[in-house]
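In what follows, a single structure is set out as structure tokens and then discussed.
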Amino acid sequence: MTPPSLQDGIDRAGSPVDLLWKPGAEPWTPEVVEREFAGWRQEQAAWHEGVALLNLSHHMYDMWIEGPDATRVLADHGVNNFEKFAVGQAKQYVPVTRDGHIVTDGILAREGENSYLLSGIPAAQHWVQYHAEKGGYDVSFVTDPSSAFRPGGRAPKLFRYQIQGPRALDVVQSAFGGPLPETKFFHSTPVSLGGRAFRALRHGMAGQAGYEFIGPWEHGAYVHEAFLKAGEPLGLVQVGALAYTTPSVESGWIPSPVPGIYTDPELQEYRRYLPLFGIEGQRPLSGSHFSRNIEDHYVSPYELGYGKLIHFGHDFQGRDALLKAKDKADDNELRKKVTLVLDPDDVHRVLGDGRDPGFVLSYARHRVESGEGGLAGVTMQIASVDPVGTVLAQTLIAP
């Protein structure tokens with residue numbers, strides 16, 4: 001029996017909104033990793049004041065893209081500049097539809113002249129693979145789902161550990177017996193511990209210094225233990241699944257835009273290609289910003305702050321639409337990404353009935369209204385950030 005497609009789910013539900021609207025859905029947190037180690041407050045404080053270790057090995061989808069047309073298929077369906085993309089470098093990859101709506105973003109690492117690794121939410125991987133297969137590009141794919149979807153409960157192909165915070169470089173130097181080679185931001189360098197080779201990606205989180213270490217899963221336990229041992233005298237704190245969801249709210253990255261794929265008649269074949277029980281059919285929507293029109297939830301890369309990543313020096317799907325969107329962005333006609341800092345007394349009164357509400361996390365689309373009651377914006381992610389002393393809301397808001 002053929003599994004149902006995304007289009008099947010939309011047809012049965014009656015509309016994309018009827019399929020996705022799930023007000024009671026629990027907010028997503030990373031799979032497998034403990035919810036808390038030292039407590040979410042202490043874990044958040046660690047990357048502000050000390051040093052934190054995060055395990056990213058289980059919740060990302062990985063897709064290796066290799067072949068003579070690897071660069072061409074990625075460039076044809078993403079906004080990025082591939083003319084200046086060195087082996088060992090990583091970029092935030094931004095694919096868009098022909099109407100200029102974002103599909104989602106992902107982290108794209110160039111591993112060789114004709115080989116890449118695309119990691120993150122799988123909507124970007126689905127988009128690239130579909131267009132590669134449909135367009136006859138000479139390219140192959142190897143996919144490793146997240147641990148929640150990996151068949152048979154097998155281990156990931158890669159480990160990913162982040163060391164972040166003001167004392168991150170001290171821990172790294174202690175673990176490796178000296179400083180790592182000087183590496184540009186979002187570039188990687190080969191490293192080894194105990195004869196086990198892997199890579200160090202220069203990567204910060206919420207404005208803090210640090211690295212993301214990536215390598216074969218069989219080396220993961222050894223590397224993890226080495227970092228714990230090196231970090232113990234420096235006060236290293238492991239970060240659990242709750243606190244892990246919150247750096248995006250601090251750093252300004254919006255992790256869950258609605259893919260702009262649900263209404264374009266030309267994408268019906270794509271919706272039949274996608275499984276119903278995948279990210280595009282199961283990522284829930286909720287909140288006080290309800291609309292029967294799913295297009296009211298579509299977003300432009302300009303609204304997400306990705307304008308600087310768009311390279312018009314090459315042809316790509318959605319280019320013409322983004323040129324028009326650029327004019328609107330330049331004329332201050334598009335929504336802006338902002339962080340709302342909620343009044344702490346209001347947070348206690350509304351969410352905690354006068355008490356501390358504890359950990360707050362939501363991906364709901366809540367209305368932000370002007371003093372006159374009109375819609376001024378919509379929230380994209382809300383979370384408690386204890387070092388700030390309140391709840392922050394990532395928001396797209398009208399100029």
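In the structure tokens, the first chain shown is A, the next is B, and so on; residue numbers restart at 1 for each chain, and ligands run from 1 in the order shown.
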If we count only C-alpha atoms, what is near Ala123 in chain A at a cut-off of 8 Å, once residues fewer than 5 positions away on the same chain are taken out, given as a ChimeraX atom specification? /A:103-104,259,279-280
Long-range neighbours of Gly24 in chain A as a ChimeraX atom specification, 10 Å cut-off, only C-alpha atoms, 6 positions minimum in chain: /A:284-287
Keeping only C-alpha atoms, write the selected residues as a compact mmCIF listing (two decimals), in the first residue's frame.
# COMPACT_ATOMS: atom_id res chain seq x y z
CA PRO A 284 1.72 22.03 13.78
CA LEU A 285 0.32 25.54 13.62
CA SER A 286 -1.54 27.24 16.46
CA GLY A 287 -2.06 30.59 18.14
Strand (DSSP E or B) per DSSP on the backbone: members of range 102-343 of chain A, as a PyMOL selection string: chain A and resi 102+106-112+115-120+140-144+158-164+187-193+196-202+205+208+210-216+237-239+275+285+336-341
Taking a cut-off of 9 Å and counting only C-alpha atoms, can you build a table that, for each residue of range 35-54 of chain A near range 219-237 of chain A, reports the nearest atom pair and how far apart they are in Å (one decimal), sorted by chain then residue number, as CSV?
residue,atom,partner,partner_atom,distance
A:Phe37,CA,A:Val237,CA,7.9
A:Ala38,CA,A:Val237,CA,7.1
A:Gln42,CA,A:Val237,CA,7.9
A:Glu43,CA,A:Val237,CA,6.3
A:Ala46,CA,A:Val237,CA,6.3
A:Trp47,CA,A:Val237,CA,8.7
A:Gly50,CA,A:Gly235,CA,7.0
A:Val51,CA,A:Leu236,CA,5.1
A:Ala52,CA,A:Val237,CA,4.9
A:Leu53,CA,A:Val237,CA,6.1
A:Leu54,CA,A:Val237,CA,8.8
Could you turn the residues from that selection into a file that holds N, CA and C atoms, as a CSV table (one decimal), in the first residue's frame?
chain,number,residue,atom,x,y,z
A,37,PHE,N,19.8,18.8,32.5
A,37,PHE,CA,20.9,18.2,33.2
A,37,PHE,C,21.1,18.9,34.5
A,38,ALA,N,21.4,20.2,34.5
A,38,ALA,CA,21.6,21.0,35.7
A,38,ALA,C,20.4,21.8,36.0
A,42,GLN,N,20.3,27.1,34.9
A,42,GLN,CA,21.7,27.0,35.0
A,42,GLN,C,22.3,26.7,33.6
A,43,GLU,N,21.6,26.0,32.8
A,43,GLU,CA,22.1,25.6,31.4
A,43,GLU,C,22.2,26.9,30.5
A,46,ALA,N,25.0,29.1,31.5
A,46,ALA,CA,26.4,28.6,31.2
A,46,ALA,C,26.9,29.2,29.9
A,47,TRP,N,26.1,29.4,28.9
A,47,TRP,CA,26.6,29.9,27.6
A,47,TRP,C,26.7,31.5,27.7
A,50,GLY,N,29.7,31.1,31.5
A,50,GLY,CA,30.8,30.1,31.6
A,50,GLY,C,31.0,29.3,30.3
A,51,VAL,N,30.6,28.1,30.3
A,51,VAL,CA,30.8,27.2,29.1
A,51,VAL,C,29.8,26.1,29.2
A,52,ALA,N,29.2,25.9,28.0
A,52,ALA,CA,28.1,24.9,27.8
A,52,ALA,C,28.5,23.9,26.8
A,53,LEU,N,28.1,22.6,26.9
A,53,LEU,CA,28.2,21.6,26.0
A,53,LEU,C,26.9,21.1,25.5
A,54,LEU,N,26.6,21.2,24.2
A,54,LEU,CA,25.3,20.8,23.6
A,54,LEU,C,25.5,19.6,22.7
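Summary of the local environment: counting only C-alpha atoms, residues at most 8 Å from Val299 in chain A, other than itself and those fewer than 4 positions away along its chain, are His101, Ile102, Pro257, Val258, Gly260, Glu303 and Leu304 of chain A.
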Given the choices A:Arg199, A:His131, A:Asp105, A:Ile214, which gets closest to Gly305 in chain A if the distance is worked out from only C-alpha atoms? A:Asp105
Set the distance at 7 Å and use only C-alpha atoms: which residues neighbour Asp69 in chain A once local chain neighbours fewer than 2 positions away are removed? I'd like the list as a PyMOL selection string. chain A and resi 67+71-73+137-139
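The space between CA of Glu133 in chain A and CA of Gly120 in chain A spans 20.7 Å.
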Among the residues of range 52-191 of chain A, find those DSSP assigns to helix (DSSP H, G or I) from the backbone and print them as an NGL selection string. :A and (70-76 or 123-135 or 151-153 or 168-176)
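Taking only C-alpha atoms, the non-local environment of Lys157 in chain A within 7 Å (same-chain residues fewer than 4 positions away omitted) comprises Asp144, Pro216 and Trp217 of chain A.
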Take the selection from the previous step and output its residues with N, CA, C and O atoms, as a PDB file, in the first residue's frame.
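And here is the file that came out, out37.pdb:
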ATOM      1  N   ASP A 144      20.392  10.728   6.101  1.00  0.00           N
ATOM      2  CA  ASP A 144      20.329  10.187   7.457  1.00  0.00           C
ATOM      3  C   ASP A 144      19.299  10.996   8.234  1.00  0.00           C
ATOM      4  O   ASP A 144      19.559  12.146   8.596  1.00  0.00           O
ATOM      5  N   PRO A 216      32.526  11.102  12.692  1.00  0.00           N
ATOM      6  CA  PRO A 216      31.865   9.790  12.633  1.00  0.00           C
ATOM      7  C   PRO A 216      31.322   9.392  14.002  1.00  0.00           C
ATOM      8  O   PRO A 216      31.988   9.560  15.025  1.00  0.00           O
ATOM      9  N   TRP A 217      30.127   8.829  13.998  1.00  0.00           N
ATOM     10  CA  TRP A 217      29.449   8.477  15.247  1.00  0.00           C
ATOM     11  C   TRP A 217      30.280   7.536  16.115  1.00  0.00           C
ATOM     12  O   TRP A 217      30.241   7.628  17.349  1.00  0.00           O
TER      13      TRP A 217
END
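Residue nearest Ala86 in chain A within the list A:Glu111, A:Asp345, A:Glu31, A:Asp170: A:Glu111 [criterion: smallest interatomic distance, only C-alpha atoms].
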Tell me, counting only C-alpha atoms, for each residue of range 29-60 of chain A within 12 Å of range 360-364 of chain A, which pair of atoms is nearest and how far apart they are in Å to one decimal, in rows ordered by chain and increasing number, as JSON lines.
{"residue": "A:Thr29", "atom": "CA", "partner": "A:Leu361", "partner_atom": "CA", "distance": 9.4}
{"residue": "A:Trp40", "atom": "CA", "partner": "A:Val360", "partner_atom": "CA", "distance": 10.8}
{"residue": "A:Arg41", "atom": "CA", "partner": "A:Val360", "partner_atom": "CA", "distance": 11.6}
Please, which residues in range 241-304 of chain A fall within 10 Å of range 4-23 of chain A when counting only C-alpha atoms, and what is the closest atom pair and distance in Å to one decimal for each, ordered by chain then residue number, as JSON lines?
{"residue": "A:Ile261", "atom": "CA", "partner": "A:Pro16", "partner_atom": "CA", "distance": 9.9}
{"residue": "A:Tyr262", "atom": "CA", "partner": "A:Pro16", "partner_atom": "CA", "distance": 6.5}
{"residue": "A:Thr263", "atom": "CA", "partner": "A:Pro16", "partner_atom": "CA", "distance": 8.2}
{"residue": "A:Leu267", "atom": "CA", "partner": "A:Gln7", "partner_atom": "CA", "distance": 9.9}
{"residue": "A:Gln268", "atom": "CA", "partner": "A:Gln7", "partner_atom": "CA", "distance": 7.1}
{"residue": "A:Glu269", "atom": "CA", "partner": "A:Gln7", "partner_atom": "CA", "distance": 8.6}
{"residue": "A:Tyr270", "atom": "CA", "partner": "A:Gln7", "partner_atom": "CA", "distance": 8.6}
{"residue": "A:Arg271", "atom": "CA", "partner": "A:Gln7", "partner_atom": "CA", "distance": 5.1}
{"residue": "A:Arg272", "atom": "CA", "partner": "A:Ser5", "partner_atom": "CA", "distance": 5.1}
{"residue": "A:Tyr273", "atom": "CA", "partner": "A:Ser5", "partner_atom": "CA", "distance": 6.6}
{"residue": "A:Leu274", "atom": "CA", "partner": "A:Leu6", "partner_atom": "CA", "distance": 5.5}
{"residue": "A:Pro275", "atom": "CA", "partner": "A:Ser5", "partner_atom": "CA", "distance": 4.3}
{"residue": "A:Leu276", "atom": "CA", "partner": "A:Leu6", "partner_atom": "CA", "distance": 4.0}
{"residue": "A:Phe277", "atom": "CA", "partner": "A:Leu6", "partner_atom": "CA", "distance": 7.7}
{"residue": "A:Gly278", "atom": "CA", "partner": "A:Leu6", "partner_atom": "CA", "distance": 8.2}
{"residue": "A:Ile279", "atom": "CA", "partner": "A:Leu6", "partner_atom": "CA", "distance": 9.8}
{"residue": "A:Glu280", "atom": "CA", "partner": "A:Leu6", "partner_atom": "CA", "distance": 7.3}
{"residue": "A:Gly281", "atom": "CA", "partner": "A:Leu6", "partner_atom": "CA", "distance": 5.7}
{"residue": "A:Gln282", "atom": "CA", "partner": "A:Leu20", "partner_atom": "CA", "distance": 6.6}
{"residue": "A:Arg283", "atom": "CA", "partner": "A:Leu20", "partner_atom": "CA", "distance": 6.8}
{"residue": "A:Pro284", "atom": "CA", "partner": "A:Leu20", "partner_atom": "CA", "distance": 5.1}
{"residue": "A:Leu285", "atom": "CA", "partner": "A:Trp21", "partner_atom": "CA", "distance": 4.7}
{"residue": "A:Ser286", "atom": "CA", "partner": "A:Pro23", "partner_atom": "CA", "distance": 4.6}
{"residue": "A:Gly287", "atom": "CA", "partner": "A:Pro23", "partner_atom": "CA", "distance": 6.8}
{"residue": "A:Ser288", "atom": "CA", "partner": "A:Pro23", "partner_atom": "CA", "distance": 9.6}
{"residue": "A:Phe290", "atom": "CA", "partner": "A:Trp21", "partner_atom": "CA", "distance": 8.8}
{"residue": "A:Ser291", "atom": "CA", "partner": "A:Val17", "partner_atom": "CA", "distance": 7.8}
{"residue": "A:Arg292", "atom": "CA", "partner": "A:Val17", "partner_atom": "CA", "distance": 6.1}
{"residue": "A:Asn293", "atom": "CA", "partner": "A:Val17", "partner_atom": "CA", "distance": 7.0}
{"residue": "A:Ile294", "atom": "CA", "partner": "A:Val17", "partner_atom": "CA", "distance": 5.8}
{"residue": "A:Glu295", "atom": "CA", "partner": "A:Val17", "partner_atom": "CA", "distance": 9.6}
{"residue": "A:His297", "atom": "CA", "partner": "A:Val17", "partner_atom": "CA", "distance": 9.8}
Could you please take those selected residues and save N, CA and C atoms as a JSON list (two decimals), in the first residue's frame?
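New file out-v7.json:
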[["chain", "number", "residue", "atom", "x", "y", "z"],
["A", 261, "ILE", "N", 4.67, 26.15, 0.12],
["A", 261, "ILE", "CA", 4.49, 25.10, -0.90],
["A", 261, "ILE", "C", 3.06, 24.57, -1.01],
["A", 262, "TYR", "N", 2.13, 25.10, -0.22],
["A", 262, "TYR", "CA", 0.84, 24.42, -0.06],
["A", 262, "TYR", "C", -0.23, 24.82, -1.06],
["A", 263, "THR", "N", -0.02, 25.90, -1.83],
["A", 263, "THR", "CA", -1.11, 26.43, -2.65],
["A", 263, "THR", "C", -0.79, 26.55, -4.13],
["A", 267, "LEU", "N", 3.00, 23.23, -7.87],
["A", 267, "LEU", "CA", 3.68, 22.40, -6.89],
["A", 267, "LEU", "C", 2.83, 21.21, -6.43],
["A", 268, "GLN", "N", 1.72, 20.96, -7.12],
["A", 268, "GLN", "CA", 0.90, 19.81, -6.72],
["A", 268, "GLN", "C", 1.68, 18.50, -6.87],
["A", 269, "GLU", "N", 2.45, 18.39, -7.93],
["A", 269, "GLU", "CA", 3.29, 17.19, -8.11],
["A", 269, "GLU", "C", 4.27, 17.05, -6.95],
["A", 270, "TYR", "N", 4.83, 18.18, -6.51],
["A", 270, "TYR", "CA", 5.76, 18.15, -5.37],
["A", 270, "TYR", "C", 5.04, 17.70, -4.10],
["A", 271, "ARG", "N", 3.82, 18.20, -3.89],
["A", 271, "ARG", "CA", 3.05, 17.80, -2.71],
["A", 271, "ARG", "C", 2.69, 16.32, -2.76],
["A", 272, "ARG", "N", 2.57, 15.77, -3.95],
["A", 272, "ARG", "CA", 2.32, 14.32, -4.06],
["A", 272, "ARG", "C", 3.60, 13.52, -3.85],
["A", 273, "TYR", "N", 4.73, 14.15, -4.06],
["A", 273, "TYR", "CA", 6.03, 13.54, -3.83],
["A", 273, "TYR", "C", 6.34, 13.46, -2.33],
["A", 274, "LEU", "N", 5.88, 14.45, -1.58],
["A", 274, "LEU", "CA", 6.19, 14.51, -0.15],
["A", 274, "LEU", "C", 5.30, 13.57, 0.65],
["A", 275, "PRO", "N", 5.83, 12.92, 1.68],
["A", 275, "PRO", "CA", 4.99, 12.07, 2.53],
["A", 275, "PRO", "C", 4.12, 12.93, 3.45],
["A", 276, "LEU", "N", 2.93, 12.45, 3.75],
["A", 276, "LEU", "CA", 2.07, 13.14, 4.70],
["A", 276, "LEU", "C", 2.72, 13.19, 6.08],
["A", 277, "PHE", "N", 3.34, 12.06, 6.47],
["A", 277, "PHE", "CA", 3.92, 11.99, 7.80],
["A", 277, "PHE", "C", 5.39, 12.42, 7.77],
["A", 278, "GLY", "N", 5.58, 13.62, 7.28],
["A", 278, "GLY", "CA", 6.88, 14.26, 7.27],
["A", 278, "GLY", "C", 6.74, 15.67, 7.83],
["A", 279, "ILE", "N", 7.81, 16.44, 7.78],
["A", 279, "ILE", "CA", 7.81, 17.75, 8.41],
["A", 279, "ILE", "C", 6.76, 18.67, 7.81],
["A", 280, "GLU", "N", 6.55, 18.57, 6.48],
["A", 280, "GLU", "CA", 5.61, 19.49, 5.82],
["A", 280, "GLU", "C", 4.16, 19.18, 6.16],
["A", 281, "GLY", "N", 3.87, 17.93, 6.52],
["A", 281, "GLY", "CA", 2.50, 17.57, 6.84],
["A", 281, "GLY", "C", 2.20, 17.47, 8.32],
["A", 282, "GLN", "N", 3.25, 17.55, 9.16],
["A", 282, "GLN", "CA", 3.05, 17.32, 10.59],
["A", 282, "GLN", "C", 3.50, 18.48, 11.48],
["A", 283, "ARG", "N", 4.24, 19.45, 10.96],
["A", 283, "ARG", "CA", 4.66, 20.58, 11.80],
["A", 283, "ARG", "C", 3.41, 21.40, 12.15],
["A", 284, "PRO", "N", 3.01, 21.44, 13.43],
["A", 284, "PRO", "CA", 1.72, 22.03, 13.78],
["A", 284, "PRO", "C", 1.74, 23.55, 13.78],
["A", 285, "LEU", "N", 0.57, 24.11, 13.48],
["A", 285, "LEU", "CA", 0.32, 25.54, 13.62],
["A", 285, "LEU", "C", -0.71, 25.76, 14.71],
["A", 286, "SER", "N", -0.56, 26.88, 15.43],
["A", 286, "SER", "CA", -1.54, 27.24, 16.46],
["A", 286, "SER", "C", -1.37, 28.71, 16.79],
["A", 287, "GLY", "N", -2.21, 29.22, 17.67],
["A", 287, "GLY", "CA", -2.06, 30.59, 18.14],
["A", 287, "GLY", "C", -3.26, 31.45, 17.85],
["A", 288, "SER", "N", -3.19, 32.70, 18.30],
["A", 288, "SER", "CA", -4.31, 33.63, 18.13],
["A", 288, "SER", "C", -4.34, 34.25, 16.73],
["A", 290, "PHE", "N", -5.10, 33.26, 13.63],
["A", 290, "PHE", "CA", -5.70, 32.20, 12.82],
["A", 290, "PHE", "C", -6.18, 32.80, 11.51],
["A", 291, "SER", "N", -5.90, 32.07, 10.43],
["A", 291, "SER", "CA", -6.41, 32.46, 9.12],
["A", 291, "SER", "C", -6.72, 31.20, 8.34],
["A", 292, "ARG", "N", -7.80, 31.23, 7.59],
["A", 292, "ARG", "CA", -8.14, 30.11, 6.71],
["A", 292, "ARG", "C", -7.19, 30.02, 5.52],
["A", 293, "ASN", "N", -6.45, 31.08, 5.25],
["A", 293, "ASN", "CA", -5.56, 31.13, 4.11],
["A", 293, "ASN", "C", -4.13, 30.85, 4.57],
["A", 294, "ILE", "N", -3.59, 29.69, 4.20],
["A", 294, "ILE", "CA", -2.24, 29.31, 4.63],
["A", 294, "ILE", "C", -1.20, 30.31, 4.13],
["A", 295, "GLU", "N", -1.50, 31.03, 3.04],
["A", 295, "GLU", "CA", -0.54, 31.99, 2.51],
["A", 295, "GLU", "C", -0.30, 33.15, 3.47],
["A", 297, "HIS", "N", 0.61, 32.75, 6.30],
["A", 297, "HIS", "CA", 1.74, 32.29, 7.12],
["A", 297, "HIS", "C", 3.04, 32.16, 6.32]]
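The residue that comes closest to Phe359 in chain A, out of A:Gly210, A:Pro145, A:Gly106, A:Gly389 and on the basis of only C-alpha atoms, is A:Gly389.
Proximity ranking of A:Ala132, A:Leu117, A:Leu169, A:Leu334 relative to Tyr302 in chain A places A:Leu334 first, based on only C-alpha atoms.
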